[in-house]
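S.K.: Contents of model31.cif (mmCIF, N, CA and C atoms):
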data_model
#
loop_
_atom_site.label_atom_id
_atom_site.label_comp_id
_atom_site.auth_asym_id
_atom_site.auth_seq_id
_atom_site.Cartn_x
_atom_site.Cartn_y
_atom_site.Cartn_z
N MET Q 751 207.37 121.75 153.44
CA MET Q 751 206.71 122.10 152.19
C MET Q 751 205.91 120.91 151.63
N ARG Q 752 206.50 119.71 151.74
CA ARG Q 752 205.79 118.52 151.26
C ARG Q 752 204.48 118.31 152.00
N ASN Q 753 204.53 118.53 153.31
CA ASN Q 753 203.32 118.35 154.11
C ASN Q 753 202.23 119.32 153.69
N LEU Q 754 202.61 120.54 153.38
CA LEU Q 754 201.64 121.54 152.96
C LEU Q 754 201.01 121.16 151.62
N ILE Q 755 201.83 120.73 150.67
CA ILE Q 755 201.31 120.31 149.36
C ILE Q 755 200.40 119.10 149.52
N GLY Q 756 200.80 118.14 150.34
CA GLY Q 756 199.97 116.97 150.59
C GLY Q 756 198.63 117.34 151.21
N LEU Q 757 198.66 118.26 152.15
CA LEU Q 757 197.44 118.71 152.80
C LEU Q 757 196.52 119.42 151.80
N ILE Q 758 197.09 120.24 150.95
CA ILE Q 758 196.29 120.94 149.93
C ILE Q 758 195.63 119.94 148.99
N ILE Q 759 196.36 118.91 148.59
CA ILE Q 759 195.79 117.89 147.69
C ILE Q 759 194.66 117.14 148.38
N VAL Q 760 194.85 116.78 149.62
CA VAL Q 760 193.81 116.05 150.35
C VAL Q 760 192.56 116.91 150.50
N VAL Q 761 192.73 118.17 150.88
CA VAL Q 761 191.58 119.07 151.03
C VAL Q 761 190.88 119.26 149.69
N TRP Q 762 191.65 119.42 148.60
CA TRP Q 762 191.10 119.56 147.24
C TRP Q 762 190.20 118.37 146.91
N LEU Q 763 190.70 117.15 147.16
CA LEU Q 763 189.94 115.95 146.83
C LEU Q 763 188.72 115.78 147.75
N VAL Q 764 188.84 116.17 149.00
CA VAL Q 764 187.69 116.09 149.91
C VAL Q 764 186.59 117.03 149.44
N ILE Q 765 186.96 118.23 149.03
CA ILE Q 765 185.96 119.18 148.51
C ILE Q 765 185.30 118.60 147.26
N GLY Q 766 186.08 117.97 146.39
CA GLY Q 766 185.51 117.31 145.22
C GLY Q 766 184.57 116.18 145.59
N GLY Q 767 184.93 115.42 146.61
CA GLY Q 767 184.05 114.35 147.09
C GLY Q 767 182.74 114.88 147.63
N VAL Q 768 182.80 116.00 148.33
CA VAL Q 768 181.58 116.63 148.85
C VAL Q 768 180.71 117.10 147.68
N ALA Q 769 181.33 117.67 146.66
CA ALA Q 769 180.56 118.13 145.48
C ALA Q 769 179.90 116.94 144.79
N ALA Q 770 180.63 115.82 144.65
CA ALA Q 770 180.05 114.63 144.02
C ALA Q 770 178.90 114.08 144.85
N PHE Q 771 179.04 114.12 146.16
CA PHE Q 771 177.96 113.67 147.05
C PHE Q 771 176.74 114.56 146.91
N GLN Q 772 176.95 115.87 146.84
CA GLN Q 772 175.83 116.80 146.70
C GLN Q 772 175.12 116.62 145.36
N ARG Q 773 175.82 116.20 144.34
CA ARG Q 773 175.19 115.95 143.04
C ARG Q 773 174.52 114.59 142.97
N GLY Q 774 174.61 113.79 144.01
CA GLY Q 774 173.93 112.50 144.06
C GLY Q 774 174.66 111.38 143.35
N TYR Q 775 175.97 111.52 143.17
CA TYR Q 775 176.73 110.50 142.46
C TYR Q 775 176.98 109.24 143.28
N PHE Q 776 176.72 109.28 144.57
CA PHE Q 776 176.96 108.12 145.41
C PHE Q 776 175.67 107.43 145.82
N GLY Q 777 174.56 107.72 145.15
CA GLY Q 777 173.29 107.11 145.49
C GLY Q 777 173.21 105.66 145.05
N ASP Q 778 172.31 104.92 145.68
CA ASP Q 778 172.15 103.50 145.36
C ASP Q 778 171.40 103.28 144.05
N ASN Q 779 170.69 104.28 143.55
CA ASN Q 779 169.86 104.09 142.37
C ASN Q 779 170.57 104.41 141.06
N ARG Q 780 171.87 104.64 141.08
CA ARG Q 780 172.60 104.97 139.86
C ARG Q 780 173.16 103.70 139.23
N ASP Q 781 173.05 103.60 137.91
CA ASP Q 781 173.66 102.49 137.18
C ASP Q 781 175.16 102.69 137.15
N VAL Q 782 175.89 101.59 137.28
CA VAL Q 782 177.35 101.67 137.20
C VAL Q 782 177.73 101.47 135.74
N SER Q 783 178.32 102.49 135.17
CA SER Q 783 178.77 102.42 133.79
C SER Q 783 180.02 103.28 133.65
N CYS Q 784 180.59 103.27 132.48
CA CYS Q 784 181.77 104.09 132.21
C CYS Q 784 181.45 105.56 132.42
N LYS Q 785 180.29 105.98 131.96
CA LYS Q 785 179.92 107.40 132.06
C LYS Q 785 179.72 107.83 133.50
N THR Q 786 178.97 107.07 134.28
CA THR Q 786 178.71 107.48 135.66
C THR Q 786 179.97 107.43 136.51
N THR Q 787 180.80 106.42 136.30
CA THR Q 787 182.05 106.32 137.03
C THR Q 787 182.98 107.46 136.64
N GLY Q 788 183.06 107.75 135.35
CA GLY Q 788 183.90 108.85 134.88
C GLY Q 788 183.42 110.20 135.38
N ASP Q 789 182.12 110.43 135.37
CA ASP Q 789 181.57 111.69 135.89
C ASP Q 789 181.91 111.87 137.37
N THR Q 790 181.77 110.80 138.14
CA THR Q 790 182.06 110.87 139.56
C THR Q 790 183.54 111.15 139.81
N ALA Q 791 184.41 110.40 139.15
CA ALA Q 791 185.85 110.59 139.33
C ALA Q 791 186.30 111.98 138.89
N LEU Q 792 185.79 112.44 137.76
CA LEU Q 792 186.18 113.75 137.27
C LEU Q 792 185.68 114.87 138.18
N THR Q 793 184.50 114.71 138.74
CA THR Q 793 183.98 115.70 139.68
C THR Q 793 184.87 115.79 140.91
N ILE Q 794 185.33 114.65 141.40
CA ILE Q 794 186.21 114.64 142.57
C ILE Q 794 187.55 115.29 142.25
N VAL Q 795 188.12 114.99 141.09
CA VAL Q 795 189.42 115.55 140.71
C VAL Q 795 189.34 117.06 140.49
N VAL Q 796 188.24 117.53 139.93
CA VAL Q 796 188.08 118.97 139.66
C VAL Q 796 187.98 119.75 140.97
N GLY Q 797 187.49 119.11 142.03
CA GLY Q 797 187.50 119.70 143.37
C GLY Q 797 186.71 120.99 143.50
N PRO Q 798 187.32 122.03 144.05
CA PRO Q 798 186.62 123.29 144.32
C PRO Q 798 186.11 124.00 143.07
N LEU Q 799 186.63 123.64 141.91
CA LEU Q 799 186.15 124.27 140.68
C LEU Q 799 184.69 123.96 140.41
N ASN Q 800 184.17 122.90 141.05
CA ASN Q 800 182.74 122.59 140.93
C ASN Q 800 181.89 123.74 141.44
N TYR Q 801 182.37 124.40 142.48
CA TYR Q 801 181.62 125.50 143.07
C TYR Q 801 181.82 126.81 142.32
N ALA Q 802 182.72 126.79 141.34
CA ALA Q 802 182.94 127.98 140.49
C ALA Q 802 182.22 127.82 139.16
N GLY Q 803 181.41 126.77 139.02
CA GLY Q 803 180.61 126.59 137.82
C GLY Q 803 181.02 125.42 136.95
N ALA Q 804 182.09 124.73 137.27
CA ALA Q 804 182.51 123.57 136.47
C ALA Q 804 181.52 122.42 136.69
N ASN Q 805 181.14 121.78 135.62
CA ASN Q 805 180.26 120.62 135.69
C ASN Q 805 180.81 119.58 134.71
N PRO Q 806 181.87 118.88 135.10
CA PRO Q 806 182.53 117.96 134.18
C PRO Q 806 181.67 116.76 133.83
N LYS Q 807 181.67 116.40 132.57
CA LYS Q 807 180.94 115.23 132.09
C LYS Q 807 181.88 114.41 131.21
N VAL Q 808 181.67 113.11 131.20
CA VAL Q 808 182.48 112.19 130.42
C VAL Q 808 181.58 111.51 129.40
N ASP Q 809 182.07 111.35 128.19
CA ASP Q 809 181.34 110.63 127.15
C ASP Q 809 182.16 109.39 126.79
N CYS Q 810 181.72 108.23 127.26
CA CYS Q 810 182.47 106.99 127.06
C CYS Q 810 181.92 106.22 125.87
N LYS Q 811 182.80 105.78 125.05
CA LYS Q 811 182.47 104.87 123.95
C LYS Q 811 183.30 103.61 124.16
N VAL Q 812 182.69 102.58 124.70
CA VAL Q 812 183.39 101.34 124.99
C VAL Q 812 183.07 100.34 123.88
N PRO Q 813 184.09 99.72 123.28
CA PRO Q 813 183.80 98.75 122.23
C PRO Q 813 183.04 97.54 122.77
N GLN Q 814 182.09 97.08 122.00
CA GLN Q 814 181.29 95.92 122.38
C GLN Q 814 182.00 94.64 121.91
N PRO Q 815 181.87 93.57 122.66
CA PRO Q 815 182.49 92.31 122.24
C PRO Q 815 181.80 91.76 121.00
N SER Q 816 182.56 91.06 120.18
CA SER Q 816 181.96 90.47 118.97
C SER Q 816 181.10 89.27 119.35
N LYS Q 817 180.15 88.96 118.46
CA LYS Q 817 179.23 87.85 118.75
C LYS Q 817 179.72 86.56 118.19
#
Show me this structure written as structure tokens.
M.R.:
Amino acid sequence: MRNLIGLIIVVWLVIGGVAAFQRGYFGDNRDVSCKTTGDTALTIVVGPLNYAGANPKVDCKVPQPSK
């Protein structure tokens, strides 16, 4: 049973990775920021739901250092 659950999780994440790749999240021209990293990670975690219409987005508010 553990092997089956592990396999399902791996397949789920691979499908999410394919969806993130198809959306262009792994391109060289993207800025690395909290938002882009969060969008990519969330797309991978959501997995097959991307193909059912889910389009997860992250809104990051990171505090700026004082001057």
S.K.: What's around region 811-815 of chain Q at 12 Å? Count only C-alpha atoms, leave out sequence neighbours fewer than 5 positions away in its own chain, and write the answer as a PyMOL selection string.
M.R.: chain Q and resi 783-785+788
S.K.: Using the chain letters and numbering of this document, enumerate as a ChimeraX atom specification the residues selected by the PyMOL selection byres (((chain Q and resi 754-764 and name CA) around 12) and name CA).
M.R.: /Q:751-753,765-771,790-801
S.K.: As a PyMOL selection string, which residues of chain Q does DSSP assign to helix (DSSP H, G or I)?
M.R.: chain Q and resi 752-772+784-802
S.K.: Report, in Å with one decimal, the straight-line distance from atom N of Val808 (chain Q) to atom C of Thr786 (chain Q).
M.R.: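 Between these atoms lies a distance of 8.0 Å.
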S.K.: At what distance in Å, to one decimal, does CA of Val782 (chain Q) lie from CA of Lys817 (chain Q)?
M.R.: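 Those two atoms sit 23.1 Å apart.
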S.K.: How many Å lie between CA of Arg773 (chain Q) and CA of Ala802 (chain Q), rounded to one decimal?
M.R.: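 Between these atoms lies a distance of 14.5 Å.
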